[in-house]
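Shown next: start.txt, containing compact mmCIF, C-alpha atoms and all ligand atoms.
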```
# COMPACT_ATOMS: atom_id res chain seq x y z
CA MET A 1 -17.78 12.53 -0.45
CA ALA A 2 -17.64 15.88 1.30
CA CYS A 3 -17.30 15.81 5.08
CA GLY A 4 -16.23 18.30 7.67
CA PHE A 5 -12.61 18.67 6.63
CA ALA A 6 -11.96 20.89 3.60
CA LEU A 7 -8.65 20.55 1.79
CA ASN A 8 -6.82 22.82 -0.63
CA ASN A 9 -3.23 21.56 -0.47
CA ILE A 10 -2.13 18.10 0.49
CA LEU A 11 1.31 16.55 0.76
CA VAL A 12 1.48 12.96 -0.46
CA THR A 13 4.67 11.04 0.27
CA GLY A 14 5.65 8.10 -1.92
CA GLY A 15 3.55 9.44 -4.77
CA CYS A 16 5.76 7.86 -7.44
CA GLY A 17 5.41 4.26 -6.23
CA PHE A 18 2.28 2.15 -6.73
CA ALA A 19 -0.45 3.01 -4.20
CA GLY A 20 0.70 6.64 -3.83
CA PRO A 21 0.26 7.54 -7.52
CA ALA A 22 -3.15 5.86 -7.59
CA PHE A 23 -4.19 8.13 -4.73
CA VAL A 24 -2.74 11.19 -6.49
CA ARG A 25 -4.63 10.35 -9.70
CA HIS A 26 -7.80 9.76 -7.66
CA VAL A 27 -7.53 13.19 -6.01
CA VAL A 28 -6.80 14.97 -9.30
CA ARG A 29 -9.77 13.28 -10.96
CA GLU A 30 -12.34 13.39 -8.16
CA HIS A 31 -11.44 16.48 -6.11
CA THR A 32 -10.70 19.23 -8.57
CA GLY A 33 -10.00 21.98 -6.05
CA VAL A 34 -7.13 20.16 -4.37
CA HIS A 35 -3.44 20.74 -5.14
CA VAL A 36 -1.11 17.81 -4.48
CA THR A 37 2.58 18.06 -3.62
CA VAL A 38 4.31 14.71 -4.01
CA LEU A 39 7.42 14.05 -1.94
CA ASP A 40 9.31 11.04 -3.22
CA ALA A 41 12.96 9.99 -3.01
CA LEU A 42 12.68 8.10 -6.31
CA THR A 43 14.25 4.94 -4.94
CA TYR A 44 14.36 1.87 -7.19
CA ALA A 45 10.59 1.59 -6.49
CA GLY A 46 9.74 5.16 -7.49
CA ASN A 47 9.11 6.31 -11.03
CA PRO A 48 7.96 9.83 -11.94
CA GLN A 49 6.25 8.33 -14.99
CA ASN A 50 3.68 6.92 -12.57
CA ILE A 51 2.24 10.43 -12.22
CA ALA A 52 3.16 11.67 -15.71
CA GLY A 53 0.47 13.50 -17.64
CA LEU A 54 -1.26 14.97 -14.60
CA PRO A 55 -1.84 18.75 -14.80
CA ARG A 56 1.19 20.72 -13.64
CA ASP A 57 -0.94 23.28 -11.87
CA ARG A 58 -2.47 20.48 -9.76
CA VAL A 59 0.50 18.22 -9.02
CA GLU A 60 4.06 19.16 -8.08
CA LEU A 61 6.81 16.59 -7.59
CA VAL A 62 9.51 17.31 -5.00
CA VAL A 63 12.32 14.77 -5.09
CA GLY A 64 13.52 14.25 -1.55
CA ASP A 65 13.70 12.01 1.48
CA VAL A 66 11.02 11.74 4.17
CA CYS A 67 13.87 11.58 6.70
CA ASP A 68 15.06 15.08 5.68
CA ALA A 69 13.56 17.04 8.59
CA ARG A 70 14.13 20.51 7.14
CA LEU A 71 12.59 19.66 3.76
CA VAL A 72 9.70 17.85 5.40
CA ARG A 73 8.97 20.79 7.69
CA ASP A 74 9.00 23.24 4.75
CA LEU A 75 6.54 21.09 2.81
CA VAL A 76 4.27 20.31 5.76
CA ALA A 77 4.06 24.04 6.51
CA LYS A 78 2.38 24.56 3.13
CA ALA A 79 -0.09 21.66 3.50
CA ASP A 80 -3.56 21.27 5.04
CA ALA A 81 -2.94 17.53 5.39
CA VAL A 82 -0.27 14.89 4.86
CA VAL A 83 -0.91 11.40 3.48
CA HIS A 84 2.10 9.21 4.13
CA PHE A 85 2.54 6.36 1.62
CA ALA A 86 6.34 6.43 1.27
CA ALA A 87 7.95 3.27 2.53
CA GLU A 88 10.29 0.46 1.75
CA THR A 89 7.78 -2.26 0.98
CA HIS A 90 9.27 -5.49 -0.29
CA ASN A 91 9.43 -8.33 2.24
CA ASP A 92 12.29 -10.20 0.56
CA ARG A 93 14.42 -7.07 0.42
CA SER A 94 13.72 -6.39 4.09
CA ILE A 95 15.12 -9.78 4.99
CA ALA A 96 18.23 -9.26 2.85
CA ASP A 97 18.87 -5.73 4.15
CA PRO A 98 16.62 -4.36 6.91
CA ALA A 99 18.46 -1.04 7.39
CA PRO A 100 16.55 1.04 4.80
CA PHE A 101 13.27 -0.31 6.19
CA VAL A 102 14.02 0.92 9.68
CA LYS A 103 15.33 4.20 8.32
CA THR A 104 12.49 5.08 5.95
CA ASN A 105 9.54 3.39 7.62
CA VAL A 106 10.33 4.28 11.23
CA GLU A 107 12.51 7.40 11.08
CA GLY A 108 10.61 8.75 8.06
CA THR A 109 7.31 8.43 9.91
CA TYR A 110 8.83 10.06 12.99
CA THR A 111 10.06 12.98 10.87
CA LEU A 112 6.63 13.53 9.34
CA ILE A 113 4.61 13.27 12.55
CA GLU A 114 7.00 15.60 14.35
CA ALA A 115 6.52 18.22 11.64
CA CYS A 116 2.73 17.69 11.70
CA ARG A 117 2.69 17.96 15.48
CA GLN A 118 4.73 21.17 15.54
CA LEU A 119 2.68 22.78 12.77
CA ASP A 120 -0.68 21.25 13.82
CA VAL A 121 -1.31 19.66 10.42
CA ARG A 122 -3.70 16.75 9.85
CA TYR A 123 -1.84 13.49 9.21
CA HIS A 124 -3.02 10.24 7.62
CA HIS A 125 -0.84 7.18 7.92
CA ILE A 126 -0.91 4.32 5.41
CA SER A 127 -0.32 0.97 7.04
CA THR A 128 -0.61 -2.62 5.92
CA ASP A 129 -2.46 -5.74 7.07
CA GLU A 130 0.94 -7.40 7.36
CA VAL A 131 1.28 -5.84 10.83
CA PHE A 132 -1.24 -8.46 12.03
CA GLY A 133 0.82 -11.44 10.91
CA ASP A 134 -0.91 -14.72 10.11
CA LEU A 135 -3.98 -16.68 11.15
CA PRO A 136 -4.32 -20.45 10.79
CA LEU A 137 -5.78 -21.31 7.39
CA ASP A 138 -8.85 -22.98 8.93
CA SER A 139 -9.49 -20.18 11.42
CA PRO A 140 -12.84 -18.37 11.11
CA ALA A 141 -11.30 -15.37 12.92
CA ARG A 142 -10.97 -12.03 11.22
CA PHE A 143 -8.69 -9.16 12.01
CA THR A 144 -10.27 -6.07 13.53
CA GLU A 145 -8.94 -2.69 14.55
CA GLU A 146 -8.31 -4.21 18.00
CA SER A 147 -6.34 -7.25 16.77
CA PRO A 148 -2.87 -7.54 18.27
CA TYR A 149 0.09 -6.77 16.07
CA ARG A 150 2.20 -9.83 15.22
CA PRO A 151 4.52 -8.70 12.44
CA SER A 152 6.83 -11.38 11.14
CA SER A 153 9.35 -9.70 8.82
CA PRO A 154 11.58 -6.64 9.04
CA TYR A 155 9.16 -4.94 6.62
CA SER A 156 6.01 -5.63 8.64
CA SER A 157 7.72 -4.91 11.96
CA SER A 158 9.00 -1.56 10.70
CA LYS A 159 5.45 -0.70 9.58
CA ALA A 160 4.10 -1.83 12.95
CA ALA A 161 6.67 0.36 14.72
CA ALA A 162 5.59 3.33 12.62
CA ASP A 163 1.92 2.73 13.54
CA MET A 164 2.88 2.71 17.22
CA LEU A 165 4.67 6.02 16.86
CA VAL A 166 1.58 7.56 15.28
CA ARG A 167 -0.66 6.26 18.09
CA ALA A 168 1.73 7.57 20.72
CA TRP A 169 1.82 11.00 19.05
CA VAL A 170 -1.98 11.07 19.07
CA ARG A 171 -2.17 10.25 22.78
CA THR A 172 0.81 12.24 23.98
CA TYR A 173 0.61 15.33 21.80
CA GLY A 174 -2.92 15.29 20.40
CA LEU A 175 -1.66 14.79 16.84
CA ARG A 176 -4.65 14.93 14.47
CA ALA A 177 -3.92 11.59 12.88
CA THR A 178 -5.75 8.61 11.43
CA ILE A 179 -4.32 5.26 10.35
CA SER A 180 -5.63 2.98 7.61
CA ILE A 181 -4.65 -0.64 7.40
CA CYS A 182 -5.23 -2.05 3.94
CA SER A 183 -5.01 -5.52 2.45
CA ASN A 184 -3.09 -6.48 -0.71
CA ASN A 185 -3.55 -4.03 -3.57
CA TYR A 186 -3.63 -4.88 -7.26
CA GLY A 187 -3.80 -2.56 -10.23
CA PRO A 188 -1.69 -0.52 -12.64
CA TYR A 189 1.88 0.75 -12.10
CA GLN A 190 2.88 -1.82 -9.49
CA HIS A 191 6.57 -2.63 -9.37
CA VAL A 192 7.48 -5.83 -11.18
CA GLU A 193 8.97 -7.35 -8.01
CA LYS A 194 5.48 -7.76 -6.49
CA PHE A 195 3.40 -10.93 -6.78
CA ILE A 196 0.94 -10.24 -9.61
CA PRO A 197 3.27 -8.19 -11.87
CA ARG A 198 5.96 -10.84 -11.36
CA GLN A 199 3.59 -13.64 -12.35
CA ILE A 200 2.52 -11.72 -15.46
CA THR A 201 6.04 -10.88 -16.61
CA ASN A 202 7.13 -14.45 -15.90
CA LEU A 203 4.30 -15.70 -18.08
CA ILE A 204 5.23 -13.32 -20.87
CA ASP A 205 8.89 -14.35 -20.62
CA GLY A 206 8.11 -18.05 -20.39
CA VAL A 207 9.60 -18.29 -16.91
CA ARG A 208 8.06 -20.70 -14.42
CA PRO A 209 5.90 -18.91 -11.86
CA LYS A 210 7.18 -19.08 -8.30
CA LEU A 211 4.91 -19.53 -5.32
CA TYR A 212 5.77 -19.43 -1.64
CA GLY A 213 4.98 -22.74 0.06
CA ASP A 214 2.13 -24.56 -1.61
CA GLY A 215 0.46 -21.39 -2.83
CA ARG A 216 -2.38 -21.67 -0.33
CA HIS A 217 -1.51 -18.40 1.37
CA VAL A 218 -4.78 -16.50 1.53
CA ARG A 219 -4.84 -12.73 1.23
CA ASP A 220 -7.59 -10.24 0.68
CA TRP A 221 -7.11 -8.43 -2.65
CA ILE A 222 -8.39 -4.92 -3.25
CA HIS A 223 -8.08 -2.73 -6.33
CA VAL A 224 -5.68 0.13 -5.69
CA GLU A 225 -8.33 2.64 -6.81
CA ASP A 226 -10.66 1.40 -4.06
CA HIS A 227 -7.83 1.78 -1.56
CA SER A 228 -7.45 5.37 -2.80
CA SER A 229 -11.11 6.30 -2.43
CA ALA A 230 -11.20 4.75 1.05
CA VAL A 231 -8.14 6.77 2.09
CA TRP A 232 -9.78 9.96 0.86
CA GLN A 233 -12.93 9.21 2.87
CA ILE A 234 -10.90 8.54 6.00
CA LEU A 235 -8.81 11.67 5.45
CA THR A 236 -11.83 13.92 5.11
CA CYS A 237 -14.42 12.13 7.30
CA GLY A 238 -12.37 10.06 9.73
CA THR A 239 -12.06 10.68 13.44
CA ALA A 240 -8.62 11.66 14.69
CA GLY A 241 -7.03 8.89 16.72
CA GLU A 242 -8.93 6.11 14.93
CA THR A 243 -7.54 3.20 12.95
CA TYR A 244 -9.60 2.00 9.96
CA LEU A 245 -9.33 -1.33 8.20
CA ILE A 246 -9.76 -1.31 4.43
CA GLY A 247 -10.57 -4.55 2.66
CA ALA A 248 -12.68 -5.88 -0.17
CA ASP A 249 -13.93 -9.27 1.04
CA GLY A 250 -11.83 -10.54 -1.84
CA GLU A 251 -9.94 -13.39 -0.21
CA ARG A 252 -8.01 -15.51 -2.67
CA ASP A 253 -5.12 -17.90 -2.29
CA ASN A 254 -2.08 -17.47 -4.51
CA LEU A 255 -2.93 -20.66 -6.35
CA SER A 256 -6.16 -19.15 -7.61
CA VAL A 257 -4.64 -15.73 -8.34
CA LEU A 258 -2.14 -17.33 -10.71
CA PRO A 259 -4.70 -18.72 -13.20
CA SER A 260 -6.37 -15.30 -13.17
CA CYS A 261 -3.11 -13.85 -14.47
CA CYS A 262 -2.88 -16.59 -17.10
CA GLY A 263 -6.50 -16.15 -18.10
CA ARG A 264 -6.13 -12.39 -18.40
CA LEU A 265 -3.10 -12.73 -20.59
CA GLY A 266 -4.87 -15.30 -22.76
CA ALA A 267 -7.91 -13.05 -23.02
CA MET A 268 -5.66 -10.21 -24.16
CA GLY A 269 -4.34 -12.40 -26.93
CA MET A 270 -0.78 -12.43 -25.62
CA ILE A 271 1.55 -15.26 -26.41
CA LEU A 272 2.51 -17.35 -23.42
CA THR A 273 5.87 -18.75 -24.42
CA GLY A 274 6.41 -22.18 -22.95
CA CYS A 275 4.20 -21.62 -19.95
CA ALA A 276 0.63 -22.77 -20.51
CA THR A 277 -1.91 -22.52 -17.70
CA GLU A 278 -1.91 -26.27 -17.23
CA ARG A 279 1.83 -26.28 -16.61
CA VAL A 280 1.55 -23.41 -14.19
CA MET A 281 -1.01 -25.34 -12.18
CA THR A 282 1.14 -28.46 -12.22
CA VAL A 283 4.11 -26.56 -10.86
CA ALA A 284 1.99 -24.99 -8.18
CA MET A 285 0.25 -28.18 -7.11
CA ARG A 286 3.50 -30.06 -6.68
CA LEU A 287 4.54 -27.88 -3.78
CA THR A 288 3.48 -29.34 -0.47
CA VAL A 289 4.22 -27.16 2.56
CA LEU A 290 1.10 -25.63 4.12
CA SER A 291 1.28 -22.05 5.21
CA CYS A 292 -1.38 -19.74 6.40
CA ALA A 293 -2.45 -16.14 6.34
CA VAL A 294 -6.03 -15.02 6.29
CA LEU A 295 -7.11 -11.44 6.27
CA GLY A 296 -10.60 -10.37 6.96
CA GLY A 297 -11.54 -7.34 8.91
CA ARG A 298 -14.46 -5.04 9.19
CA LEU A 299 -14.90 -2.64 6.32
CA PRO A 300 -15.18 0.95 7.38
CA ILE A 301 -16.04 1.78 3.81
CA ARG A 302 -18.25 0.04 1.33
CA ILE A 303 -16.24 -1.14 -1.63
CA SER A 304 -18.35 -1.41 -4.77
CA ARG A 305 -15.86 -2.89 -7.22
CA PRO A 306 -15.81 -6.67 -7.40
CA ALA A 307 -12.71 -8.21 -5.92
CA LEU A 308 -10.01 -9.68 -8.14
CA PRO A 309 -11.97 -11.38 -10.92
CA ILE A 310 -12.01 -15.15 -11.18
CA LEU A 311 -11.53 -16.19 -14.78
N1 LIG B 401 0.93 -2.32 -2.31
C1 LIG B 401 0.13 -2.92 -1.40
O1 LIG B 401 -0.44 -3.99 -1.65
C2 LIG B 401 -0.08 -2.25 -0.07
C3 LIG B 401 -1.06 -2.76 0.78
C4 LIG B 401 -1.28 -2.16 2.02
C5 LIG B 401 -0.50 -1.07 2.39
N2 LIG B 401 0.48 -0.60 1.56
C6 LIG B 401 1.29 0.54 2.00
O2 LIG B 401 1.14 1.56 1.03
C7 LIG B 401 2.34 2.32 0.97
C8 LIG B 401 2.83 2.38 -0.46
O3 LIG B 401 3.01 1.04 -0.94
P1 LIG B 401 3.45 0.79 -2.45
O4 LIG B 401 3.09 -0.60 -2.78
O5 LIG B 401 2.99 1.91 -3.30
O6 LIG B 401 5.04 0.90 -2.30
P2 LIG B 401 6.14 1.08 -3.43
O7 LIG B 401 7.33 0.36 -2.94
O8 LIG B 401 5.58 0.72 -4.76
O9 LIG B 401 6.42 2.66 -3.46
C9 LIG B 401 7.06 3.29 -2.39
C10 LIG B 401 7.39 4.71 -2.81
O10 LIG B 401 8.01 5.36 -1.70
C11 LIG B 401 9.17 6.04 -2.16
N3 LIG B 401 10.15 6.13 -1.07
C12 LIG B 401 10.82 5.08 -0.50
N4 LIG B 401 11.65 5.54 0.44
C13 LIG B 401 11.48 6.88 0.51
C14 LIG B 401 12.05 7.92 1.30
N5 LIG B 401 12.97 7.66 2.24
N6 LIG B 401 11.63 9.19 1.10
C15 LIG B 401 10.70 9.47 0.16
N7 LIG B 401 10.15 8.53 -0.64
C16 LIG B 401 10.53 7.25 -0.46
C17 LIG B 401 9.67 5.23 -3.33
O11 LIG B 401 10.51 5.99 -4.20
C18 LIG B 401 8.35 4.80 -3.99
O12 LIG B 401 7.92 5.79 -4.91
C19 LIG B 401 3.34 1.65 1.91
O13 LIG B 401 3.33 2.35 3.14
C20 LIG B 401 2.77 0.25 2.10
O14 LIG B 401 3.12 -0.29 3.34
C21 LIG B 401 0.69 -1.17 0.33
```
This structure in structure tokens:
Amino acid sequence: MACGFALNNILVTGGCGFAGPAFVRHVVREHTGVHVTVLDALTYAGNPQNIAGLPRDRVELVVGDVCDARLVRDLVAKADAVVHFAAETHNDRSIADPAPFVKTNVEGTYTLIEACRQLDVRYHHISTDEVFGDLPLDSPARFTEESPYRPSSPYSSSKAAADMLVRAWVRTYGLRATISICSNNYGPYQHVEKFIPRQITNLIDGVRPKLYGDGRHVRDWIHVEDHSSAVWQILTCGTAGETYLIGADGERDNLSVLPSCCGRLGAMGMILTGCATERVMTVAMRLTVLSCAVLGGRLPIRISRPALPIL
């Protein structure tokens, strides 16, 4: 979609992770006049193979840290807009060692918005629904752009802190920034530590799937490509200062996502060593603790792809 904001060069941070590369591929495919510079520190979660094969005259990878103010300023100076995906993202890791989460997610965001403010460059910030925390499982409520932030882990609180910095920079300095808050993504190139890839590799390896609580956690699931197209629309058509929720009306609990993984693997003719669907369900059903997290939210953008398929 073409709106008022024309782009020639964009800086995408975290473009070697999961959601970042999907966005880079989306831009290369759908917006042929745009050059993308990827800034990525290549942490354990980053892999340059995730953007391999893209044309070299369209995509440049710079290996570096979003907290490196001089590097960030040099790159922002060459960009029409910045899309900030880079983050530490794994909840369990954030509990074991919160320091890199505060450093990258808070200081990294500060470094980027300072450069964008000084150079008057358009900034788009990628946030997560986890900043809202949980709702009771039986609650009909849905999160909106006005919902209060109730982050519950070092990961989600560091993301919430970063969002607050962006909002303050908009109000105080007039930073031309938008924020998007997206639900759980699924799709190719996701790190194996995350829920769906972990379930799939466990199934392949014959390892018992692990669920938190009784598996009745409900999350909205959106394909990473739909996240990408929504981000592009917000970047080019969004109003500075606004926060946009991105979702797919694809609410599923973990218990029902798990058989989808099993079914997909079965449909692909893969051998499930020692871990048939029935056994997976038995393991999951035995767990008893109820926990709750429901994401809804108004869609700023119409998502055409069906949500995670039920098999
Ligand atoms: N994956 C999801 O379901 C989801 C949902 C909503 C929002 N988000 C947000 O999208 C963004 C990307 O998520 P993801 O799942 O792709 O994460 P990821 O962990 O797969 O990738 C993160 C990337 O950031 C890079 N990185 C980390 N620290 C860096 C630093 N200091 N400097 C430069 N690069 C650094 C890593 O090398 C990696 O390539 C995050 O901000 C996350 O909060 C993700």
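CA of Cys3 in chain A lies 9.7 Å from CA of Ile234 in chain A.
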(message) Show me which residues are within 8 Å of ligand LIG 401 (chain B) counting all atoms listed in the file, and format the list as a PyMOL selection string.
(response) chain A and resi 13-21+39-47+63-67+84-90+100+103-105+108+125-130+159+181-186+190-191+224
(message) Would you pick out the contacts of range 22-27 of chain A at 12 Å or less, using all atoms listed in the file, so that residues sharing its chain but fewer than 5 positions from it are not included, and give the list as a ChimeraX atom specification?
(response) /A:1,7-17,32-39,50-55,58-61,83-85,126,185-190,223-233,235-236
(request) Please indicate the distance in Å from CA of Ala96 in chain A to CA of Phe195 in chain A, rounded to one decimal place. (result) 17.8 Å
(request) Work out how far CA of Val82 in chain A is from CA of Trp169 in chain A, in Å to one decimal. (result) 14.9 Å
(message) Using only C-alpha atoms for the distances, tell me which of A:Thr178, A:Glu107, A:Asp163, A:Leu137 is nearest to Gly238 in chain A.
(response)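 Ranked by minimum distance to Gly238 in chain A, first place goes to A:Thr178.
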